[in-house]
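Listing of coords-v4.pdb, PDB, C-alpha atoms
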ATOM      1  CA  MET G   1      84.197 156.386  -9.443
ATOM      2  CA  LEU G   2      85.344 157.179  -5.917
ATOM      3  CA  TYR G   3      89.047 157.319  -5.151
ATOM      4  CA  ILE G   4      90.077 157.149  -1.490
ATOM      5  CA  VAL G   5      93.603 158.520  -1.394
ATOM      6  CA  GLY G   6      96.048 158.389   1.504
ATOM      7  CA  LEU G   7      98.052 161.569   2.047
ATOM      8  CA  GLY G   8     100.860 160.136   4.129
ATOM      9  CA  LEU G   9     102.166 162.120   7.074
ATOM     10  CA  ASN G  10     103.331 165.401   5.572
ATOM     11  CA  GLU G  11     102.167 167.729   2.814
ATOM     12  CA  LYS G  12     104.345 165.907   0.266
ATOM     13  CA  GLY G  13     103.438 162.393   1.427
ATOM     14  CA  ILE G  14     100.901 161.658  -1.307
ATOM     15  CA  CYS G  15     102.259 159.144  -3.828
ATOM     16  CA  VAL G  16     102.493 159.588  -7.604
ATOM     17  CA  GLU G  17      99.526 157.266  -8.138
ATOM     18  CA  GLY G  18      97.502 159.373  -5.716
ATOM     19  CA  LEU G  19      98.413 162.595  -7.509
ATOM     20  CA  GLU G  20      97.425 161.083 -10.851
ATOM     21  CA  ALA G  21      94.035 160.118  -9.429
ATOM     22  CA  VAL G  22      93.465 163.600  -7.998
ATOM     23  CA  LYS G  23      94.270 165.269 -11.308
ATOM     24  CA  LYS G  24      91.580 163.375 -13.206
ATOM     25  CA  CYS G  25      88.866 163.840 -10.577
ATOM     26  CA  LYS G  26      86.197 166.513 -10.956
ATOM     27  CA  SER G  27      85.917 167.133  -7.205
ATOM     28  CA  THR G  28      88.508 166.774  -4.450
ATOM     29  CA  TYR G  29      87.352 166.304  -0.865
ATOM     30  CA  LEU G  30      89.266 166.092   2.400
ATOM     31  CA  GLU G  31      88.307 164.104   5.486
ATOM     32  CA  SER G  32      89.433 166.466   8.236
ATOM     33  CA  TYR G  33      87.713 165.287  11.409
ATOM     34  CA  THR G  34      89.847 162.334  12.581
ATOM     35  CA  VAL G  35      93.192 164.094  12.957
ATOM     36  CA  GLU G  36      94.707 167.520  13.495
ATOM     37  CA  PHE G  37      96.785 168.190  10.409
ATOM     38  CA  PRO G  38     100.403 169.313  10.902
ATOM     39  CA  TYR G  39     100.011 171.583   7.861
ATOM     40  CA  SER G  40      97.318 173.797   6.335
ATOM     41  CA  ILE G  41      94.798 172.882   3.648
ATOM     42  CA  GLU G  42      96.202 175.750   1.584
ATOM     43  CA  CYS G  43      99.623 174.135   1.702
ATOM     44  CA  LEU G  44      98.158 170.829   0.489
ATOM     45  CA  GLU G  45      96.284 172.626  -2.299
ATOM     46  CA  GLY G  46      99.602 174.049  -3.468
ATOM     47  CA  VAL G  47     101.083 170.542  -3.671
ATOM     48  CA  ILE G  48      98.221 168.858  -5.544
ATOM     49  CA  GLY G  49      97.272 171.908  -7.609
ATOM     50  CA  LYS G  50      93.546 171.724  -6.886
ATOM     51  CA  LYS G  51      90.927 173.328  -4.690
ATOM     52  CA  ILE G  52      90.006 171.094  -1.735
ATOM     53  CA  ILE G  53      86.605 170.888  -0.064
ATOM     54  CA  SER G  54      86.758 169.884   3.607
ATOM     55  CA  LEU G  55      84.077 167.433   4.751
ATOM     56  CA  SER G  56      82.581 166.794   8.163
ATOM     57  CA  ARG G  57      81.932 163.347   9.619
ATOM     58  CA  ASP G  58      78.244 163.674   8.694
ATOM     59  CA  ASP G  59      79.171 164.386   5.080
ATOM     60  CA  VAL G  60      81.444 161.350   4.799
ATOM     61  CA  GLU G  61      79.058 159.011   6.582
ATOM     62  CA  SER G  62      76.072 160.142   4.493
ATOM     63  CA  ASP G  63      75.409 159.016   0.909
ATOM     64  CA  ARG G  64      76.765 162.284  -0.517
ATOM     65  CA  LEU G  65      79.995 160.820  -1.894
ATOM     66  CA  ILE G  66      78.292 157.723  -3.253
ATOM     67  CA  LYS G  67      75.664 159.742  -5.118
ATOM     68  CA  GLU G  68      78.244 162.067  -6.627
ATOM     69  CA  SER G  69      80.648 159.287  -7.630
ATOM     70  CA  ARG G  70      77.888 157.697  -9.714
ATOM     71  CA  LYS G  71      78.028 160.700 -12.047
ATOM     72  CA  LYS G  72      81.752 161.564 -12.101
ATOM     73  CA  ASP G  73      85.179 160.725 -10.735
ATOM     74  CA  ILE G  74      85.754 162.211  -7.287
ATOM     75  CA  CYS G  75      88.345 161.628  -4.590
ATOM     76  CA  LEU G  76      88.403 161.665  -0.825
ATOM     77  CA  LEU G  77      91.770 162.594   0.665
ATOM     78  CA  VAL G  78      92.604 161.021   4.019
ATOM     79  CA  TYR G  79      95.536 161.872   6.287
ATOM     80  CA  GLY G  80      97.987 159.015   6.709
ATOM     81  CA  SER G  81      96.744 155.609   5.613
ATOM     82  CA  PRO G  82      93.223 155.796   4.102
ATOM     83  CA  LEU G  83      91.928 152.654   5.813
ATOM     84  CA  PHE G  84      93.256 153.299   9.315
ATOM     85  CA  ALA G  85      89.828 154.626  10.338
ATOM     86  CA  THR G  86      86.882 152.225  10.252
ATOM     87  CA  THR G  87      84.693 154.988   8.770
ATOM     88  CA  HIS G  88      86.404 154.566   5.425
ATOM     89  CA  VAL G  89      86.105 150.789   5.447
ATOM     90  CA  SER G  90      82.361 151.261   5.924
ATOM     91  CA  LEU G  91      82.304 153.698   3.008
ATOM     92  CA  ILE G  92      83.921 151.110   0.733
ATOM     93  CA  ASP G  93      81.378 148.524   1.796
ATOM     94  CA  GLU G  94      78.523 150.919   1.017
ATOM     95  CA  CYS G  95      80.008 151.649  -2.407
ATOM     96  CA  LYS G  96      80.028 147.944  -3.205
ATOM     97  CA  ASP G  97      76.405 147.586  -2.088
ATOM     98  CA  CYS G  98      75.443 150.514  -4.344
ATOM     99  CA  LYS G  99      77.450 149.170  -7.297
ATOM    100  CA  VAL G 100      79.762 152.203  -7.230
ATOM    101  CA  LYS G 101      83.373 151.688  -8.279
ATOM    102  CA  VAL G 102      85.914 152.537  -5.617
ATOM    103  CA  LYS G 103      89.705 152.479  -5.616
ATOM    104  CA  VAL G 104      91.940 152.839  -2.566
ATOM    105  CA  ILE G 105      95.415 154.345  -2.956
ATOM    106  CA  HIS G 106      97.502 153.632   0.106
ATOM    107  CA  SER G 107     100.146 155.687   1.869
ATOM    108  CA  SER G 108     102.154 155.673   5.095
ATOM    109  CA  SER G 109     100.522 155.958   8.513
ATOM    110  CA  VAL G 110     101.671 156.801  12.016
ATOM    111  CA  PHE G 111     102.101 153.062  12.544
ATOM    112  CA  ASP G 112     104.875 153.117   9.941
ATOM    113  CA  ALA G 113     106.514 156.209  11.404
ATOM    114  CA  ILE G 114     106.692 154.980  15.006
ATOM    115  CA  ALA G 115     109.343 152.536  13.833
ATOM    116  CA  ASP G 116     111.631 155.567  14.212
ATOM    117  CA  THR G 117     111.451 154.928  17.971
ATOM    118  CA  GLY G 118     113.432 151.728  17.493
ATOM    119  CA  LEU G 119     110.563 149.564  18.723
ATOM    120  CA  GLN G 120     109.868 146.607  16.449
ATOM    121  CA  LEU G 121     106.463 146.896  14.812
ATOM    122  CA  TYR G 122     105.660 143.193  14.989
ATOM    123  CA  LYS G 123     105.902 143.421  18.785
ATOM    124  CA  PHE G 124     102.962 145.839  19.050
ATOM    125  CA  GLY G 125      99.581 144.634  20.268
ATOM    126  CA  LYS G 126      96.128 146.136  19.838
ATOM    127  CA  ILE G 127      95.939 149.866  19.115
ATOM    128  CA  SER G 128      93.624 152.056  21.189
ATOM    129  CA  SER G 129      92.306 155.628  20.976
ATOM    130  CA  MET G 130      92.153 158.084  23.852
ATOM    131  CA  PRO G 131      88.932 160.157  23.760
ATOM    132  CA  LYS G 132      88.604 163.672  25.081
ATOM    133  CA  TRP G 133      86.946 163.481  28.488
ATOM    134  CA  GLN G 134      83.779 165.422  29.147
ATOM    135  CA  GLU G 135      82.516 166.713  32.491
ATOM    136  CA  ASN G 136      80.238 163.724  33.056
ATOM    137  CA  PHE G 137      81.852 161.213  30.720
ATOM    138  CA  ARG G 138      85.374 160.004  31.464
ATOM    139  CA  PRO G 139      85.897 156.662  29.678
ATOM    140  CA  ASP G 140      89.134 154.825  30.444
ATOM    141  CA  SER G 141      88.491 151.701  28.373
ATOM    142  CA  PHE G 142      91.360 152.648  26.057
ATOM    143  CA  LEU G 143      93.631 151.203  28.745
ATOM    144  CA  ASP G 144      91.887 147.824  28.534
ATOM    145  CA  PHE G 145      93.900 147.176  25.392
ATOM    146  CA  VAL G 146      97.081 148.104  27.247
ATOM    147  CA  GLU G 147      96.237 145.528  29.928
ATOM    148  CA  GLU G 148      95.690 142.885  27.250
ATOM    149  CA  ASN G 149      98.923 143.787  25.495
ATOM    150  CA  LYS G 150     100.915 143.602  28.704
ATOM    151  CA  LYS G 151      99.785 140.012  29.215
ATOM    152  CA  ILE G 152     101.538 139.004  25.995
ATOM    153  CA  PHE G 153     104.478 141.421  26.466
ATOM    154  CA  ALA G 154     103.382 143.550  23.513
ATOM    155  CA  HIS G 155     103.966 147.287  23.110
ATOM    156  CA  SER G 156     100.872 149.532  23.188
ATOM    157  CA  LEU G 157     100.150 152.428  20.826
ATOM    158  CA  ILE G 158      97.575 154.943  22.072
ATOM    159  CA  LEU G 159      96.259 157.386  19.492
ATOM    160  CA  VAL G 160      94.927 160.707  20.796
ATOM    161  CA  ASP G 161      91.607 162.097  19.578
ATOM    162  CA  ILE G 162      91.391 165.421  17.793
ATOM    163  CA  GLY G 163      90.999 168.439  20.079
ATOM    164  CA  LEU G 164      92.830 166.879  23.006
ATOM    165  CA  GLY G 165      95.972 168.824  23.889
ATOM    166  CA  PHE G 166      99.123 167.201  25.229
ATOM    167  CA  GLU G 167      98.811 168.398  28.834
ATOM    168  CA  ASP G 168      95.195 167.210  29.137
ATOM    169  CA  ALA G 169      95.976 163.944  27.344
ATOM    170  CA  LEU G 170      98.823 163.194  29.730
ATOM    171  CA  ASP G 171      96.614 163.966  32.725
ATOM    172  CA  GLU G 172      93.958 161.602  31.335
ATOM    173  CA  LEU G 173      96.539 158.872  30.870
ATOM    174  CA  ILE G 174      97.856 159.283  34.411
ATOM    175  CA  GLU G 175      94.411 159.358  36.017
ATOM    176  CA  ALA G 176      93.124 156.419  33.972
ATOM    177  CA  SER G 177      96.209 154.360  34.804
ATOM    178  CA  LYS G 178      95.612 154.944  38.506
ATOM    179  CA  THR G 179      91.990 153.806  38.163
ATOM    180  CA  LYS G 180      93.065 150.712  36.234
ATOM    181  CA  LYS G 181      96.064 150.189  38.552
ATOM    182  CA  ILE G 182      98.497 150.073  35.635
ATOM    183  CA  ASP G 183     102.123 150.961  36.227
ATOM    184  CA  LEU G 184     103.042 153.081  33.230
ATOM    185  CA  GLY G 185     106.771 153.207  33.890
ATOM    186  CA  ASP G 186     108.771 155.023  31.200
ATOM    187  CA  ILE G 187     106.719 155.747  28.092
ATOM    188  CA  LEU G 188     107.194 157.423  24.721
ATOM    189  CA  VAL G 189     105.507 160.473  23.251
ATOM    190  CA  CYS G 190     105.672 160.813  19.465
ATOM    191  CA  SER G 191     104.831 164.197  17.967
ATOM    192  CA  ARG G 192     104.217 164.990  14.285
ATOM    193  CA  MET G 193     105.841 161.807  13.084
ATOM    194  CA  GLY G 194     106.794 161.709   9.415
ATOM    195  CA  THR G 195     107.246 165.483   9.206
ATOM    196  CA  SER G 196     110.303 167.734   9.426
ATOM    197  CA  LYS G 197     109.172 168.671  12.949
ATOM    198  CA  ALA G 198     108.931 165.107  14.277
ATOM    199  CA  LYS G 199     109.899 164.644  17.928
ATOM    200  CA  VAL G 200     110.158 161.591  20.166
ATOM    201  CA  PHE G 201     110.501 161.783  23.957
ATOM    202  CA  TYR G 202     111.040 158.929  26.414
ATOM    203  CA  GLY G 203     110.689 159.099  30.165
ATOM    204  CA  CYS G 204     108.413 158.857  33.190
ATOM    205  CA  VAL G 205     105.184 160.842  33.296
ATOM    206  CA  GLY G 206     106.734 163.294  35.740
ATOM    207  CA  LYS G 207     109.374 164.295  33.197
ATOM    208  CA  LEU G 208     106.900 164.255  30.322
ATOM    209  CA  LYS G 209     104.862 166.915  32.130
ATOM    210  CA  LEU G 210     107.700 169.348  31.378
ATOM    211  CA  LEU G 211     107.154 168.982  27.614
ATOM    212  CA  GLU G 212     103.952 171.021  27.322
ATOM    213  CA  LYS G 213     105.385 173.447  24.746
ATOM    214  CA  LYS G 214     107.360 170.813  22.840
ATOM    215  CA  VAL G 215     104.634 168.346  21.835
ATOM    216  CA  PHE G 216     102.290 169.302  19.005
ATOM    217  CA  ALA G 217      99.369 167.571  17.317
ATOM    218  CA  PRO G 218      99.106 165.034  15.968
ATOM    219  CA  PHE G 219     100.812 163.070  18.736
ATOM    220  CA  CYS G 220     100.494 159.654  20.336
ATOM    221  CA  PHE G 221     101.683 157.666  23.340
ATOM    222  CA  ILE G 222     103.542 154.377  23.333
ATOM    223  CA  ILE G 223     103.700 152.176  26.421
ATOM    224  CA  PRO G 224     106.536 149.744  25.761
ATOM    225  CA  GLU G 225     106.734 146.289  27.236
ATOM    226  CA  LYS G 226     109.892 144.238  27.674
ATOM    227  CA  MET G 227     112.344 145.434  25.031
ATOM    228  CA  HIS G 228     115.007 143.625  23.048
ATOM    229  CA  PHE G 229     118.464 145.098  23.663
ATOM    230  CA  LEU G 230     118.437 146.564  20.134
ATOM    231  CA  GLU G 231     115.183 148.361  20.944
ATOM    232  CA  GLU G 232     116.607 149.624  24.226
ATOM    233  CA  ASN G 233     119.689 151.002  22.463
ATOM    234  CA  VAL G 234     117.579 153.182  20.189
ATOM    235  CA  VAL G 235     114.878 154.167  22.680
ATOM    236  CA  LYS G 236     117.369 155.433  25.237
ATOM    237  CA  ASP G 237     118.507 158.093  22.754
ATOM    238  CA  PHE G 238     115.104 159.775  23.230
ATOM    239  CA  SER G 239     115.408 159.913  27.026
ATOM    240  CA  ILE G 240     114.625 163.220  28.720
TER     241      ILE G 240
END

How would this structure read if it were set down as structure tokens?
Amino acid sequence: MLYIVGLGLNEKGICVEGLEAVKKCKSTYLESYTVEFPYSIECLEGVIGKKIISLSRDDVESDRLIKESRKKDICLLVYGSPLFATTHVSLIDECKDCKVKVKVIHSSSVFDAIADTGLQLYKFGKISSMPKWQENFRPDSFLDFVEENKKIFAHSLILVDIGLGFEDALDELIEASKTKKIDLGDILVCSRMGTSKAKVFYGCVGKLKLLEKKVFAPFCFIIPEKMHFLEENVVKDFSI
């Protein structure tokens, strides 16, 4: 059987059900390519009491886990919510096709934690991901979702790909917004949400540029639309 277990947002975020599943599994794997962890694997091993094997994207997307789970109980640990990434939904589908039992154990995600900003979750639109630009490949389609969200007055959450630092990510956002002719206005930066080192900053991109040494991975951007006065009252507390 394959268990896909959400870790939540900090090293102690795994739920009791998840811990029970890990304890009875013969092998414990970690999907480590979709997010930069705010803690070490060694720290997580201390919490769950087991040795963890880190897997690459190729490992997870191959039939390795399916073949092994036919013979014994194994688990795949995933940061945050286990089904936030489409890779894991595909894995479940493949398990069903191969007649392999699979159980998903959920946990909190960044989408839960951004409620700390005061913005109401039901007022968010489509979520997008900002890729790391290459020399000859600079996609800005992540802002297409922002344009769509603005049409219905919905807030926009932009997740930032692994390996993209805050300064470069902010520059990408600014440059892409100019290309798309989107007025960003005041936006939010959320850093290490759900951990003891969580930080939220609110302001124009000019002020956000001063935060280079205060924003750490994983982080995300939020472009708010028209806010309810209750949202405004909370968000203003994060002004810089």

Item to complete: Please provide the set of residues having any atom within 12 Å of segment 175-178 of chain G, restricted to all atoms listed in the file, with same-chain residues fewer than 6 positions apart removed, written as a list in words.
Response: Met130, Pro131, Trp133, Arg138, Pro139, Asp140, Ser141, Phe142, Leu143, Asp144, Val146, Glu147, Asp168, Ala169, Leu184, Gly185, Val205 and Ile223 of chain G

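Between Ser156 of chain G and the residues G:Val104, G:Leu211, G:Leu2, G:Ile222, the shortest atom-to-atom distance, using all atoms listed in the file, involves G:Ile222.
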
Item to complete: Pick out the residues sitting within 12 Å of Phe153 of chain G, and hand them over as a ChimeraX atom specification; count all atoms listed in the file, and ignore anything fewer than 6 positions along from it in its own chain.
Response: /G:122-126,146-147,223-228

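Residues in contact range of Thr28 of chain G, defined as at most 9 Å between only C-alpha atoms, with sequence neighbours fewer than 3 positions away removed, read Val22, Cys25, Lys50, Lys51, Ile52, Ile53, Ser54, Ile74, Cys75, Leu76 and Leu77 of chain G.
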
Discussion item. Suppose a student applies the PyMOL selection byres ((chain G and resi 114) around 10) to this structure; what residues should they get, written as number ranges by chain?
Written reply: G: 109-113, 115-121, 157, 189-191, 193-194, 200, 220, 222

Discussion item. Can you pull out the residues contacting segment 92-94 of chain G? Cut-off 9 Å, using all atoms listed in the file, and skip same-chain residues under 2 positions away; I want them as a list in words.
Written reply: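 Within the cut-off, the hits are Ile4, Asp63, Ile66, Thr87, His88, Val89, Ser90, Lys96, Asp97, Cys98, Lys99, Val100, Val102, Lys103 and Val104 of chain G.
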
Practice prompt. Using only C-alpha atoms, determine which residues lie at most 6 Å from Ile158 of chain G, disregarding the query and same-chain residues fewer than 3 positions distant; provide the list as JSON, numbers by chain.
Written response: {"G": [128, 129, 220, 221]}

Because the input lacks atoms here, generate N, CA and C atoms for segment 38-69 of chain G and report them as an mmCIF file, in the coordinates of the input.
data_model
loop_
_atom_site.group_PDB
_atom_site.id
_atom_site.type_symbol
_atom_site.label_atom_id
_atom_site.label_comp_id
_atom_site.auth_asym_id
_atom_site.auth_seq_id
_atom_site.Cartn_x
_atom_site.Cartn_y
_atom_site.Cartn_z
ATOM 1 N N PRO G 38 99.204 168.542 10.559
ATOM 2 C CA PRO G 38 100.403 169.313 10.902
ATOM 3 C C PRO G 38 100.732 170.368 9.848
ATOM 4 N N TYR G 39 99.842 170.571 8.904
ATOM 5 C CA TYR G 39 100.011 171.583 7.861
ATOM 6 C C TYR G 39 98.633 172.093 7.465
ATOM 7 N N SER G 40 98.597 173.176 6.704
ATOM 8 C CA SER G 40 97.318 173.797 6.335
ATOM 9 C C SER G 40 96.752 173.179 5.059
ATOM 10 N N ILE G 41 95.444 173.340 4.880
ATOM 11 C CA ILE G 41 94.798 172.882 3.648
ATOM 12 C C ILE G 41 95.357 173.654 2.459
ATOM 13 N N GLU G 42 95.643 174.932 2.662
ATOM 14 C CA GLU G 42 96.202 175.750 1.584
ATOM 15 C C GLU G 42 97.536 175.206 1.115
ATOM 16 N N CYS G 43 98.325 174.725 2.043
ATOM 17 C CA CYS G 43 99.623 174.135 1.702
ATOM 18 C C CYS G 43 99.419 172.875 0.855
ATOM 19 N N LEU G 44 98.452 172.049 1.243
ATOM 20 C CA LEU G 44 98.158 170.829 0.489
ATOM 21 C C LEU G 44 97.625 171.169 -0.897
ATOM 22 N N GLU G 45 96.802 172.199 -0.997
ATOM 23 C CA GLU G 45 96.284 172.626 -2.299
ATOM 24 C C GLU G 45 97.425 173.035 -3.220
ATOM 25 N N GLY G 46 98.455 173.654 -2.665
ATOM 26 C CA GLY G 46 99.602 174.049 -3.468
ATOM 27 C C GLY G 46 100.358 172.848 -4.019
ATOM 28 N N VAL G 47 100.381 171.750 -3.243
ATOM 29 C CA VAL G 47 101.083 170.542 -3.671
ATOM 30 C C VAL G 47 100.321 169.804 -4.767
ATOM 31 N N ILE G 48 98.997 169.644 -4.584
ATOM 32 C CA ILE G 48 98.221 168.858 -5.544
ATOM 33 C C ILE G 48 97.669 169.701 -6.690
ATOM 34 N N GLY G 49 97.710 171.028 -6.528
ATOM 35 C CA GLY G 49 97.272 171.908 -7.609
ATOM 36 C C GLY G 49 95.774 171.942 -7.820
ATOM 37 N N LYS G 50 95.001 171.708 -6.769
ATOM 38 C CA LYS G 50 93.546 171.724 -6.886
ATOM 39 C C LYS G 50 92.904 172.297 -5.633
ATOM 40 N N LYS G 51 91.705 172.833 -5.817
ATOM 41 C CA LYS G 51 90.927 173.328 -4.690
ATOM 42 C C LYS G 51 90.371 172.137 -3.923
ATOM 43 N N ILE G 52 90.449 172.195 -2.593
ATOM 44 C CA ILE G 52 90.006 171.094 -1.735
ATOM 45 C C ILE G 52 88.786 171.528 -0.930
ATOM 46 N N ILE G 53 87.800 170.643 -0.868
ATOM 47 C CA ILE G 53 86.605 170.888 -0.064
ATOM 48 C C ILE G 53 86.674 170.007 1.177
ATOM 49 N N SER G 54 86.682 170.628 2.348
ATOM 50 C CA SER G 54 86.758 169.884 3.607
ATOM 51 C C SER G 54 85.383 169.350 3.992
ATOM 52 N N LEU G 55 85.337 168.077 4.393
ATOM 53 C CA LEU G 55 84.077 167.433 4.751
ATOM 54 C C LEU G 55 84.014 167.113 6.240
ATOM 55 N N SER G 56 82.819 167.177 6.775
ATOM 56 C CA SER G 56 82.581 166.794 8.163
ATOM 57 C C SER G 56 82.323 165.288 8.235
ATOM 58 N N ARG G 57 82.246 164.762 9.441
ATOM 59 C CA ARG G 57 81.932 163.347 9.619
ATOM 60 C C ARG G 57 80.559 163.018 9.014
ATOM 61 N N ASP G 58 79.587 163.914 9.233
ATOM 62 C CA ASP G 58 78.244 163.674 8.694
ATOM 63 C C ASP G 58 78.261 163.575 7.173
ATOM 64 N N ASP G 59 79.065 164.417 6.539
ATOM 65 C CA ASP G 59 79.171 164.386 5.080
ATOM 66 C C ASP G 59 79.711 163.047 4.592
ATOM 67 N N VAL G 60 80.793 162.583 5.231
ATOM 68 C CA VAL G 60 81.444 161.350 4.799
ATOM 69 C C VAL G 60 80.562 160.139 5.081
ATOM 70 N N GLU G 61 79.864 160.162 6.200
ATOM 71 C CA GLU G 61 79.058 159.011 6.582
ATOM 72 C C GLU G 61 77.665 159.020 5.944
ATOM 73 N N SER G 62 77.333 160.102 5.230
ATOM 74 C CA SER G 62 76.072 160.142 4.493
ATOM 75 C C SER G 62 76.285 159.494 3.123
ATOM 76 N N ASP G 63 75.272 159.582 2.255
ATOM 77 C CA ASP G 63 75.409 159.016 0.909
ATOM 78 C C ASP G 63 75.868 160.054 -0.108
ATOM 79 N N ARG G 64 76.348 161.193 0.377
ATOM 80 C CA ARG G 64 76.765 162.284 -0.517
ATOM 81 C C ARG G 64 77.833 161.839 -1.508
ATOM 82 N N LEU G 65 78.890 161.217 -1.022
ATOM 83 C CA LEU G 65 79.995 160.820 -1.894
ATOM 84 C C LEU G 65 79.573 159.731 -2.872
ATOM 85 N N ILE G 66 78.751 158.824 -2.403
ATOM 86 C CA ILE G 66 78.292 157.723 -3.253
ATOM 87 C C ILE G 66 77.437 158.262 -4.398
ATOM 88 N N LYS G 67 76.523 159.166 -4.080
ATOM 89 C CA LYS G 67 75.664 159.742 -5.118
ATOM 90 C C LYS G 67 76.483 160.490 -6.161
ATOM 91 N N GLU G 68 77.453 161.267 -5.701
ATOM 92 C CA GLU G 68 78.244 162.067 -6.627
ATOM 93 C C GLU G 68 79.164 161.203 -7.486
ATOM 94 N N SER G 69 79.714 160.136 -6.889
ATOM 95 C CA SER G 69 80.648 159.287 -7.630
ATOM 96 C C SER G 69 79.964 158.426 -8.687
#
